Structure formats: structure tokens, C-alpha cells
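Asker: entry-v1.csv is reproduced below (CSV, C-alpha atoms).
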```csv
chain,number,residue,atom,x,y,z
A,1345,MET,CA,56.4,-6.0,31.0
A,1346,ILE,CA,55.7,-4.2,27.8
A,1347,ARG,CA,51.9,-3.9,27.7
A,1348,THR,CA,51.0,-4.1,24.0
A,1349,LEU,CA,47.9,-3.4,22.0
A,1350,ILE,CA,47.2,-5.0,18.6
A,1351,VAL,CA,45.0,-3.1,16.1
A,1352,ASP,CA,44.2,-4.5,12.7
A,1353,ASP,CA,40.9,-5.1,10.9
A,1354,GLU,CA,42.0,-8.5,9.5
A,1355,PRO,CA,41.8,-11.4,12.0
A,1356,LEU,CA,44.8,-13.2,10.5
A,1357,ALA,CA,47.0,-10.2,10.8
A,1358,ARG,CA,46.1,-9.9,14.5
A,1359,GLN,CA,46.7,-13.6,15.0
A,1360,THR,CA,50.2,-13.3,13.4
A,1361,LEU,CA,51.2,-10.4,15.7
A,1362,ARG,CA,49.9,-12.3,18.7
A,1363,LEU,CA,51.9,-15.3,17.7
A,1364,LEU,CA,55.1,-13.4,17.0
A,1365,LEU,CA,54.8,-11.5,20.3
A,1366,ALA,CA,54.1,-14.6,22.3
A,1367,GLN,CA,57.7,-15.6,21.9
A,1368,GLU,CA,58.7,-12.5,23.9
A,1369,PRO,CA,58.7,-13.2,27.7
A,1370,ASP,CA,58.6,-9.4,28.5
A,1371,VAL,CA,55.6,-8.6,26.2
A,1372,GLU,CA,52.1,-8.8,27.5
A,1373,ILE,CA,49.1,-8.5,25.1
A,1374,ALA,CA,46.9,-5.9,26.8
A,1375,GLY,CA,44.2,-6.1,24.1
A,1376,GLU,CA,43.2,-6.4,20.4
A,1377,CYS,CA,41.0,-4.2,18.3
A,1378,ALA,CA,39.5,-4.6,14.8
A,1379,ASP,CA,38.5,-1.1,14.0
A,1380,GLY,CA,39.4,2.6,14.6
A,1381,PRO,CA,36.7,3.5,17.2
A,1382,ALA,CA,37.5,0.4,19.3
A,1383,ALA,CA,41.2,1.3,19.1
A,1384,ILE,CA,40.5,4.8,20.4
A,1385,GLY,CA,38.7,3.4,23.4
A,1386,ALA,CA,41.3,0.8,24.1
A,1387,VAL,CA,44.3,3.2,24.0
A,1388,ARG,CA,42.4,5.5,26.4
A,1389,ARG,CA,41.3,2.7,28.7
A,1390,LEU,CA,44.4,0.5,28.7
A,1391,SER,CA,47.2,3.1,28.3
A,1392,PRO,CA,49.5,0.5,26.6
A,1393,ASP,CA,53.2,1.0,26.3
A,1394,LEU,CA,53.3,-0.2,22.7
A,1395,VAL,CA,50.7,-0.4,19.9
A,1396,PHE,CA,50.9,-2.2,16.6
A,1397,LEU,CA,48.6,0.0,14.5
A,1398,ASP,CA,47.0,-0.6,11.1
A,1399,ILE,CA,46.4,2.6,9.1
A,1400,ARG,CA,43.4,1.9,6.9
A,1401,MET,CA,40.6,0.6,9.1
A,1402,PRO,CA,36.9,0.9,9.3
A,1403,GLY,CA,35.6,3.8,11.3
A,1404,ALA,CA,38.8,5.7,11.8
A,1405,SER,CA,42.4,5.5,10.4
A,1406,GLY,CA,45.4,4.8,12.5
A,1407,PHE,CA,46.3,8.5,12.5
A,1408,ASP,CA,42.8,9.3,13.7
A,1409,VAL,CA,43.2,6.9,16.5
A,1410,LEU,CA,46.4,8.6,17.7
A,1411,SER,CA,45.0,12.1,17.4
A,1412,ALA,CA,41.8,11.2,19.3
A,1413,ALA,CA,43.4,9.0,22.0
A,1414,GLY,CA,46.7,10.8,22.5
A,1415,THR,CA,50.2,9.3,22.4
A,1416,HIS,CA,51.7,10.2,25.8
A,1417,GLY,CA,54.4,7.6,26.4
A,1418,LEU,CA,53.0,5.4,23.7
A,1419,ALA,CA,55.4,3.7,21.3
A,1420,VAL,CA,53.6,3.3,17.9
A,1421,VAL,CA,54.5,0.8,15.3
A,1422,PHE,CA,52.4,1.2,12.1
A,1423,VAL,CA,51.7,-2.0,10.3
A,1424,THR,CA,50.3,-1.5,6.8
A,1425,ALA,CA,50.2,-2.6,3.2
A,1426,TYR,CA,50.7,1.0,2.0
A,1427,GLU,CA,54.1,2.7,1.6
A,1428,GLU,CA,52.7,6.2,1.1
A,1429,TYR,CA,51.9,7.0,4.7
A,1430,ALA,CA,55.5,6.6,6.0
A,1431,VAL,CA,56.4,10.3,6.0
A,1432,GLN,CA,53.2,11.1,7.9
A,1433,ALA,CA,53.9,8.2,10.3
A,1434,PHE,CA,57.3,9.5,11.3
A,1435,ALA,CA,55.9,13.0,11.5
A,1436,ALA,CA,53.5,11.4,14.1
A,1437,GLU,CA,56.7,10.2,15.9
A,1438,ALA,CA,56.2,6.5,15.0
A,1439,LEU,CA,58.7,4.1,16.4
A,1440,ASP,CA,58.7,2.0,13.3
A,1441,TYR,CA,56.8,1.4,10.0
A,1442,LEU,CA,56.2,-2.2,9.1
A,1443,LEU,CA,55.2,-2.9,5.6
A,1444,LYS,CA,53.0,-6.0,5.0
A,1445,PRO,CA,54.1,-8.6,4.2
A,1446,PHE,CA,57.2,-8.6,6.5
A,1447,ASP,CA,59.6,-11.4,7.4
A,1448,ASP,CA,60.7,-12.5,10.9
A,1449,THR,CA,64.0,-10.7,10.6
A,1450,ARG,CA,62.3,-7.4,10.0
A,1451,PHE,CA,59.9,-8.1,12.9
A,1452,ARG,CA,62.9,-8.8,15.2
A,1453,HIS,CA,64.2,-5.4,14.3
A,1454,THR,CA,60.9,-3.8,15.3
A,1455,LYS,CA,60.9,-5.7,18.6
A,1456,GLY,CA,64.5,-4.5,19.3
A,1457,LEU,CA,63.4,-0.9,18.7
A,1458,ALA,CA,60.3,-1.3,20.9
A,1459,ARG,CA,62.4,-2.9,23.7
A,1460,ASN,CA,64.9,0.0,23.6
A,1461,ARG,CA,62.1,2.6,23.7
A,1462,THR,CA,60.0,1.1,26.4
A,1463,THR,CA,62.8,0.4,28.8
A,1464,GLU,CA,64.4,3.8,28.5
B,85,MET,CA,29.8,-2.9,-39.8
B,86,ALA,CA,29.9,-6.1,-37.7
B,87,TRP,CA,33.7,-6.0,-37.9
B,88,VAL,CA,34.0,-2.5,-36.5
B,89,TRP,CA,31.5,-3.4,-33.8
B,90,GLY,CA,33.7,-6.4,-32.9
B,91,ARG,CA,36.9,-4.4,-32.8
B,92,GLU,CA,35.4,-1.8,-30.4
B,93,ALA,CA,34.0,-4.5,-28.2
B,94,ARG,CA,37.4,-6.2,-28.0
B,95,ARG,CA,39.1,-2.9,-27.2
B,96,GLN,CA,36.7,-2.4,-24.3
B,97,LEU,CA,37.4,-5.9,-23.1
B,98,VAL,CA,41.1,-5.2,-23.1
B,99,VAL,CA,40.4,-2.0,-21.0
B,100,ALA,CA,38.3,-4.1,-18.6
B,101,ARG,CA,41.2,-6.6,-18.3
B,102,LEU,CA,43.8,-3.9,-17.6
B,103,GLU,CA,41.5,-2.2,-15.0
B,104,SER,CA,40.9,-5.6,-13.3
B,105,LEU,CA,44.7,-6.3,-13.2
B,106,GLN,CA,45.3,-2.8,-11.8
B,107,ARG,CA,42.8,-3.5,-9.0
B,108,GLN,CA,44.4,-6.9,-8.3
B,109,LEU,CA,47.8,-5.2,-7.8
B,110,GLN,CA,46.5,-2.4,-5.5
B,111,PRO,CA,48.2,-2.6,-2.0
B,112,HIS,CA,45.0,-3.1,-0.1
B,113,PHE,CA,44.4,-6.3,-2.1
B,114,PHE,CA,47.8,-7.6,-3.2
B,115,PHE,CA,50.0,-6.9,-0.3
B,116,ASN,CA,47.3,-7.6,2.3
B,117,THR,CA,46.7,-11.0,0.6
B,118,LEU,CA,50.4,-11.8,0.6
B,119,HIS,CA,50.4,-10.9,4.3
B,120,ALA,CA,47.4,-13.1,4.9
B,121,ILE,CA,49.2,-16.0,3.1
B,122,ALA,CA,52.3,-15.4,5.3
B,123,SER,CA,50.1,-15.3,8.3
B,124,LEU,CA,48.5,-18.7,7.4
B,125,VAL,CA,52.0,-20.2,7.2
B,126,ARG,CA,53.0,-18.7,10.5
B,127,VAL,CA,49.9,-20.0,12.3
B,128,GLY,CA,50.3,-23.5,10.8
B,129,ARG,CA,47.5,-23.5,8.3
B,130,GLY,CA,49.7,-24.6,5.4
B,131,ASP,CA,46.9,-26.1,3.3
B,132,ASP,CA,45.0,-22.8,3.4
B,133,ALA,CA,48.1,-20.9,2.5
B,134,VAL,CA,48.6,-23.1,-0.6
B,135,ALA,CA,44.9,-22.7,-1.6
B,136,MET,CA,45.1,-18.9,-1.2
B,137,THR,CA,48.4,-18.8,-3.2
B,138,ALA,CA,46.6,-20.7,-6.0
B,139,ARG,CA,43.7,-18.3,-6.0
B,140,LEU,CA,46.0,-15.2,-6.0
B,141,GLY,CA,47.7,-16.7,-9.1
B,142,GLY,CA,44.4,-17.8,-10.6
B,143,LEU,CA,43.0,-14.3,-10.7
B,144,PRO,CA,45.5,-12.7,-13.1
B,145,ARG,CA,45.8,-15.9,-15.1
B,146,GLU,CA,42.1,-15.9,-15.8
B,147,THR,CA,41.8,-12.2,-16.2
B,148,LEU,CA,44.5,-12.3,-18.9
B,149,ASN,CA,43.2,-15.3,-20.7
B,150,ASP,CA,43.5,-14.6,-24.4
B,151,ALA,CA,39.9,-15.2,-25.3
B,152,ARG,CA,38.9,-12.6,-28.0
B,153,ASP,CA,35.2,-13.0,-27.4
B,154,PRO,CA,34.0,-10.0,-25.4
B,155,GLU,CA,31.3,-12.2,-23.9
B,156,THR,CA,31.6,-15.2,-21.6
B,157,SER,CA,29.1,-17.5,-19.8
B,158,LEU,CA,27.8,-16.3,-16.5
B,159,GLU,CA,29.1,-19.6,-15.1
B,160,GLN,CA,32.6,-18.7,-16.1
B,161,GLU,CA,32.3,-15.2,-14.7
B,162,LEU,CA,31.1,-16.7,-11.4
B,163,THR,CA,34.1,-19.1,-11.3
B,164,LEU,CA,36.5,-16.1,-11.6
B,165,LEU,CA,34.5,-14.2,-9.0
B,166,GLU,CA,34.7,-17.1,-6.6
B,167,GLN,CA,38.5,-17.0,-6.6
B,168,TYR,CA,38.4,-13.4,-5.5
B,169,LEU,CA,35.7,-14.1,-2.9
B,170,GLU,CA,37.6,-17.0,-1.4
B,171,ILE,CA,40.6,-14.8,-0.8
B,172,GLN,CA,38.4,-12.1,0.7
B,173,ARG,CA,36.6,-14.5,3.0
B,174,VAL,CA,39.9,-15.7,4.4
B,175,ARG,CA,41.0,-12.1,4.9
B,176,PHE,CA,37.9,-10.7,6.5
B,177,GLY,CA,36.7,-13.8,8.3
B,178,GLU,CA,33.4,-13.3,10.0
B,179,ARG,CA,33.2,-9.7,9.1
B,180,LEU,CA,32.2,-10.6,5.5
B,181,SER,CA,29.1,-12.5,4.5
B,182,VAL,CA,28.6,-13.2,0.7
B,183,THR,CA,25.6,-14.9,-0.8
B,184,VAL,CA,25.2,-15.9,-4.5
B,185,HIS,CA,21.7,-16.4,-5.8
B,186,VAL,CA,22.2,-17.6,-9.4
B,187,PRO,CA,19.8,-20.4,-10.4
B,188,ALA,CA,21.2,-23.1,-12.6
B,189,GLU,CA,18.9,-22.2,-15.6
B,190,VAL,CA,20.6,-18.8,-16.1
B,191,ARG,CA,24.2,-19.9,-15.7
B,192,ARG,CA,24.5,-20.5,-19.4
B,193,ALA,CA,23.6,-17.0,-20.2
B,194,ARG,CA,26.1,-14.8,-22.1
B,195,VAL,CA,27.5,-11.9,-20.2
B,196,PRO,CA,30.4,-9.4,-20.9
B,197,GLY,CA,33.5,-10.8,-19.3
B,198,LEU,CA,34.7,-9.0,-16.2
B,199,MET,CA,31.5,-7.0,-15.8
B,200,LEU,CA,30.4,-8.4,-12.4
B,201,GLN,CA,33.9,-8.4,-11.0
B,202,PRO,CA,34.4,-4.6,-10.5
B,203,LEU,CA,30.9,-4.3,-9.1
B,204,VAL,CA,31.6,-7.0,-6.5
B,205,GLU,CA,35.0,-5.6,-5.7
B,206,ASN,CA,33.5,-2.1,-5.2
B,207,SER,CA,30.8,-3.5,-2.9
B,208,LEU,CA,33.3,-5.3,-0.8
B,209,GLU,CA,36.1,-2.9,-0.6
B,210,HIS,CA,34.0,0.2,0.0
B,211,GLY,CA,30.7,-1.1,1.4
B,212,VAL,CA,31.9,-3.9,3.7
B,213,ALA,CA,35.6,-3.4,4.4
B,214,THR,CA,35.0,0.2,5.6
B,215,GLN,CA,32.2,-0.7,8.1
B,216,PRO,CA,33.2,-1.5,11.7
B,217,GLY,CA,31.6,-4.9,12.3
B,218,GLY,CA,31.7,-5.8,8.6
B,219,GLY,CA,28.7,-6.4,6.3
B,220,TRP,CA,27.2,-8.4,3.5
B,221,VAL,CA,27.3,-8.7,-0.3
B,222,GLU,CA,24.6,-10.4,-2.3
B,223,ILE,CA,25.1,-11.4,-5.9
B,224,ALA,CA,22.1,-12.4,-7.9
B,225,ALA,CA,21.0,-13.2,-11.5
B,226,ARG,CA,17.6,-13.7,-12.9
B,227,ARG,CA,15.8,-13.8,-16.2
B,228,ASP,CA,13.3,-11.1,-16.8
B,229,GLY,CA,11.4,-11.8,-20.0
B,230,CYS,CA,14.0,-11.2,-22.8
B,231,ASP,CA,16.5,-9.7,-20.4
B,232,LEU,CA,19.1,-11.0,-18.0
B,233,VAL,CA,19.3,-9.0,-14.8
B,234,LEU,CA,22.4,-9.1,-12.6
B,235,THR,CA,22.4,-7.4,-9.2
B,236,VAL,CA,25.1,-6.8,-6.7
B,237,ARG,CA,23.9,-5.4,-3.4
B,238,ASN,CA,25.8,-4.6,-0.2
B,239,SER,CA,25.2,-3.3,3.2
B,240,GLY,CA,26.5,0.3,3.8
B,241,SER,CA,27.0,3.1,1.4
B,242,SER,CA,29.6,2.4,-1.2
B,243,SER,CA,29.4,5.7,-3.0
B,244,SER,CA,30.7,8.1,-0.4
B,245,SER,CA,34.2,6.6,-0.1
B,246,SER,CA,34.7,5.3,-3.7
B,247,PRO,CA,37.9,6.5,-5.2
B,248,PRO,CA,37.7,8.0,-8.8
B,249,ARG,CA,39.2,4.8,-10.2
B,250,ASN,CA,35.9,3.1,-9.7
B,251,GLY,CA,34.2,5.8,-11.7
B,252,VAL,CA,36.5,4.9,-14.6
B,253,GLY,CA,35.7,1.2,-14.2
B,254,LEU,CA,32.0,2.0,-14.3
B,255,ARG,CA,32.3,4.1,-17.4
B,256,ASN,CA,34.0,1.4,-19.4
B,257,SER,CA,31.3,-1.1,-18.1
B,258,ARG,CA,28.6,1.2,-19.4
B,259,GLU,CA,30.3,1.7,-22.7
B,260,ARG,CA,30.7,-2.1,-23.1
B,261,LEU,CA,27.0,-2.6,-22.5
B,262,ARG,CA,26.1,0.0,-25.1
B,263,THR,CA,28.5,-1.5,-27.6
B,264,LEU,CA,27.3,-5.1,-27.1
B,265,TYR,CA,23.6,-4.6,-26.5
B,266,GLY,CA,22.7,-1.0,-27.6
B,267,GLU,CA,19.9,0.6,-25.6
B,268,ARG,CA,19.1,-2.7,-23.9
B,269,GLY,CA,22.4,-2.8,-22.0
B,270,THR,CA,22.2,-0.6,-18.9
B,271,LEU,CA,24.1,-0.3,-15.6
B,272,THR,CA,22.4,1.6,-12.7
B,273,LEU,CA,23.6,2.3,-9.2
B,274,GLU,CA,21.2,2.9,-6.4
B,275,ALA,CA,21.6,3.8,-2.8
B,276,SER,CA,18.6,2.9,-0.6
B,277,GLY,CA,19.2,5.3,2.2
B,278,GLU,CA,22.3,4.8,4.2
B,279,ALA,CA,21.9,1.1,4.6
B,280,VAL,CA,22.0,-0.7,1.2
B,281,THR,CA,23.7,0.1,-2.1
B,282,SER,CA,22.9,-1.8,-5.2
B,283,ALA,CA,24.2,-2.1,-8.8
B,284,THR,CA,22.0,-3.5,-11.5
B,285,VAL,CA,23.1,-4.7,-14.9
B,286,ARG,CA,20.4,-5.4,-17.5
B,287,LEU,CA,21.2,-6.9,-20.9
B,288,GLU,CA,19.7,-9.0,-23.6
B,289,TYR,CA,19.3,-12.6,-22.5
B,290,ARG,CA,21.2,-15.0,-24.8
B,291,GLU,CA,22.6,-18.5,-24.2
B,292,GLY,CA,25.4,-20.7,-25.5
B,293,GLY,CA,28.1,-20.2,-28.0
B,294,ALA,CA,29.0,-17.0,-29.8
```
Can you give me the file's structure in the form of C-alpha cells?
Answerer:
Amino acid sequence: MIRTLIVDDEPLARQTLRLLLAQEPDVEIAGECADGPAAIGAVRRLSPDLVFLDIRMPGASGFDVLSAAGTHGLAVVFVTAYEEYAVQAFAAEALDYLLKPFDDTRFRHTKGLARNRTTE
Amino acid sequence: MAWVWGREARRQLVVARLESLQRQLQPHFFFNTLHAIASLVRVGRGDDAVAMTARLGGLPRETLNDARDPETSLEQELTLLEQYLEIQRVRFGERLSVTVHVPAEVRRARVPGLMLQPLVENSLEHGVATQPGGGWVEIAARRDGCDLVLTVRNSGSSSSSSPPRNGVGLRNSRERLRTLYGERGTLTLEASGEAVTSATVRLEYREGGA
């Protein structure tokens, strides 16, 4: 199972990811967080395989979360409305960078990448 | 002289409209709102998605209306504000609490169009959206003798994280107040400690048509 953490400050955005991931039999939702500090705690506590990570959040940014909690073995998919963090995201060895809004085809591509990475 | 005054007031209204549109198209608002609409569709809340699409369209339409009068009624200003607030309520869910205290007797008051809007947007985006756990915004209007007093208060400090663009918005707001009401038109920002930030607009109370 791919243990997955969902981090976004908007409830609907979290609900969407939960719904899209529910269709995957090999994905298990390990947790959900709505702000940076909660995400730091959850990454440390749950050691997920995969995280869908918003960038601009209350308390701490997605990048702050990664530097505070560490990324050992963690596949990171940034999910954001902003284009301008892409270079920084890939410098942080992001698996993918999903721009909101995204369609289902684009999301399937992300899931393919995640599956390849986490089953390596 | 009245003609010159009118032209300057209209120029400042155009600036306010452009700044408002610019804010409506910022990624944190525009793309996140589109994402929320797509989310509503995905989770089967089609009616809410339709309503939110209408509001997202209503904002620029009303912002760009071709009225040449630099003033509008408080009632109209609140209607525009409500479109924006409805969108933000759906996006932020329980994290956002908004209250509007505007008694019926002041709703006919004349106010500069798009004056409340940037203050509320600033409160919400910087005072509420950045707080883990969310926060509240309170919009109020009251008559104080010959003046109308509009206040926008929010939990949290909105000044520390405000981008410079808001400074520009405030400058135009202040210039508009001066053009329309002279010394009687003021805009003041106040932080009460770490917990509450408030913006107060004071202007001459007038009612009805131009």
C-alpha cells in the first residue's frame, strides 16, 4: 500500500484528492492536514510514502514543512495555484507539480509517477 | 472647478476598478476558486458549482460596470461584496466566519464604489487565510452625526504579511476619499495588539441619488 498524506488548507481541495485517490486500490490515506505545523507533525509521526502538499498555507509553507520534517523516502507532489514555485519544487526533488485546477488526465499522470516511485 | 473635480474622481474610480480586477485574477483567488468549482463538480455538488461559477463571473462584471458616478449606495457595495464573500465561504469552510452589521437605515448612504472591497479582501487574505485554525472578519457601518463610519475588523494581524500591492490599493482609496470629501474623508488602519486589526473609513453622510 502507498501510504498517503493530504495537505491543503482548503477543505474542498482535500476532499477532491481523497475522492480521486479512493479509486486507487493500492493507496491508503494515512492522514489529512489543513496547515503547515500540522503537516510537519503528521509527516514526522506517520512517515507516509507519498504526500500531496499545498505550498501557501497558514503557519508554514510546503517548503517549510519539508525542511522541518525531512523527506527521507518521501515522494512529494506539490499541489498549488501558483506557477512560480516550480523551479524551487524540483530543486526540493519533487516528484510532480500539480497546478490547480487540474483535470483527471493530468492527475492520472501524477498517480503513475507516484506508483513508479513508491514501488521502486 | 466642479468639472475638474469630477474628472479626477472618475480617474480614481478607474484605478480602483483596475486594482480590483487585478486582485480578482491573482492565482490565490482565481485559480483556487476554479479549483474549488472543479472540486464541487467532482464531489457531486453541481448546484453549488453553478452558483460559484455565477459569482466568479459576477465579480468582474459588476466591477467593470460602466457607471461613471464615483459613488454608489452602500447597499450596492454590499451586494458586490457578498459575491466575493460567498466564494470565500465555500473555499475556507468553517475556518472563515464573516459577520455584517449594517442597519437598514444606513444602506442608502452614498459611498465610493469599491472602497470596502479591498479592505475586506485584505482582512480575509492576510488576516484570516494565514492563520492556522482560521479567523473572523466583521464588516460594520453606522452613522455618527454628519458622518458615515465603515469599519472592517479581522482577527490576527493583517499588516505583517501584506504585500506592497495592498499599500497601493490603500493609497488610491485615501486619494479618493480626499477628492470626494476633502478633509472629512479619512481611512485609518489600526492594530490592537496581535489579535485584532481594523480599518476605519469616515466620510460625509449623504443619501440617495447623485
Asker: Find the distance between CA of Thr272 in chain B and CA of Arg175 in chain B and write it in Å to one decimal.
Answerer: 29.0 Å
Asker: Counting all atoms listed in the file, a student should be able to say which residues of chain A come within 9 Å of chain B; what is the right answer, written as a PyMOL selection string?
Answerer: chain A and resi 1353-1357+1359-1361+1363-1364+1378-1382+1400-1403+1424-1427+1443-1447
Asker: Could you write those residues out with C-alpha atoms, as a PDB file, keeping the file's coordinate frame?
Answerer:
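Saved file result_15.pdb follows:
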```pdb
ATOM      1  CA  ASP A1353      40.900  -5.100  10.900  1.00  0.00           C
ATOM      2  CA  GLU A1354      42.000  -8.500   9.500  1.00  0.00           C
ATOM      3  CA  PRO A1355      41.800 -11.400  12.000  1.00  0.00           C
ATOM      4  CA  LEU A1356      44.800 -13.200  10.500  1.00  0.00           C
ATOM      5  CA  ALA A1357      47.000 -10.200  10.800  1.00  0.00           C
ATOM      6  CA  GLN A1359      46.700 -13.600  15.000  1.00  0.00           C
ATOM      7  CA  THR A1360      50.200 -13.300  13.400  1.00  0.00           C
ATOM      8  CA  LEU A1361      51.200 -10.400  15.700  1.00  0.00           C
ATOM      9  CA  LEU A1363      51.900 -15.300  17.700  1.00  0.00           C
ATOM     10  CA  LEU A1364      55.100 -13.400  17.000  1.00  0.00           C
ATOM     11  CA  ALA A1378      39.500  -4.600  14.800  1.00  0.00           C
ATOM     12  CA  ASP A1379      38.500  -1.100  14.000  1.00  0.00           C
ATOM     13  CA  GLY A1380      39.400   2.600  14.600  1.00  0.00           C
ATOM     14  CA  PRO A1381      36.700   3.500  17.200  1.00  0.00           C
ATOM     15  CA  ALA A1382      37.500   0.400  19.300  1.00  0.00           C
ATOM     16  CA  ARG A1400      43.400   1.900   6.900  1.00  0.00           C
ATOM     17  CA  MET A1401      40.600   0.600   9.100  1.00  0.00           C
ATOM     18  CA  PRO A1402      36.900   0.900   9.300  1.00  0.00           C
ATOM     19  CA  GLY A1403      35.600   3.800  11.300  1.00  0.00           C
ATOM     20  CA  THR A1424      50.300  -1.500   6.800  1.00  0.00           C
ATOM     21  CA  ALA A1425      50.200  -2.600   3.200  1.00  0.00           C
ATOM     22  CA  TYR A1426      50.700   1.000   2.000  1.00  0.00           C
ATOM     23  CA  GLU A1427      54.100   2.700   1.600  1.00  0.00           C
ATOM     24  CA  LEU A1443      55.200  -2.900   5.600  1.00  0.00           C
ATOM     25  CA  LYS A1444      53.000  -6.000   5.000  1.00  0.00           C
ATOM     26  CA  PRO A1445      54.100  -8.600   4.200  1.00  0.00           C
ATOM     27  CA  PHE A1446      57.200  -8.600   6.500  1.00  0.00           C
ATOM     28  CA  ASP A1447      59.600 -11.400   7.400  1.00  0.00           C
TER      29      ASP A1447
END
```
Asker: List the neighbours of range 1386-1392 of chain A out to 6 Å using all atoms listed in the file; skip same-chain residues closer than 2 positions along the sequence, and give me the result as a PyMOL selection string.
Answerer: chain A and resi 1347-1348+1383-1384+1394+1413
Asker: To one decimal place in Å, what is the distance between CA of Ser282 in chain B and CA of Leu203 in chain B?
Answerer: 9.2 Å
Asker: When you count all atoms listed in the file, which of these residues is closest to Gly1417 in chain A: A:Leu1439, A:Met1345, A:Leu1365, A:Leu1397?
Answerer: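 Under the stated criterion, the closest residue is A:Leu1439.
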Asker: To one decimal place in Å, what is the distance between CA of Thr235 in chain B and CA of Asp150 in chain B?
Answerer: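 Taking CA of Thr235 in chain B and CA of Asp150 in chain B, their separation equals 27.0 Å.
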Asker: Could you list as a ChimeraX atom specification every residue that has an atom within 8 Å of (44.3, -9.3, -16.7), using the file's coordinates and counting only C-alpha atoms?
Answerer: /B:101-105,143-149
Asker: Write out as a list in words each polymer residue whose atoms come within 9 Å of Thr284 in chain B, counting only C-alpha atoms; drop sequence neighbours fewer than 6 positions from it.
Answerer: Val233, Leu234, Thr235, Val236, Arg237, Thr270, Leu271, Thr272, Leu273 and Glu274 of chain B
Asker: Give the answer as one residue: which of A:Val1409, A:Ile1350, A:Ala1458, A:Ala1435 has the shortest atom-to-atom distance to Glu1368 in chain A, using only C-alpha atoms?
Answerer: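 Once distances to Glu1368 in chain A are computed over only C-alpha atoms, the minimum belongs to A:Ala1458.
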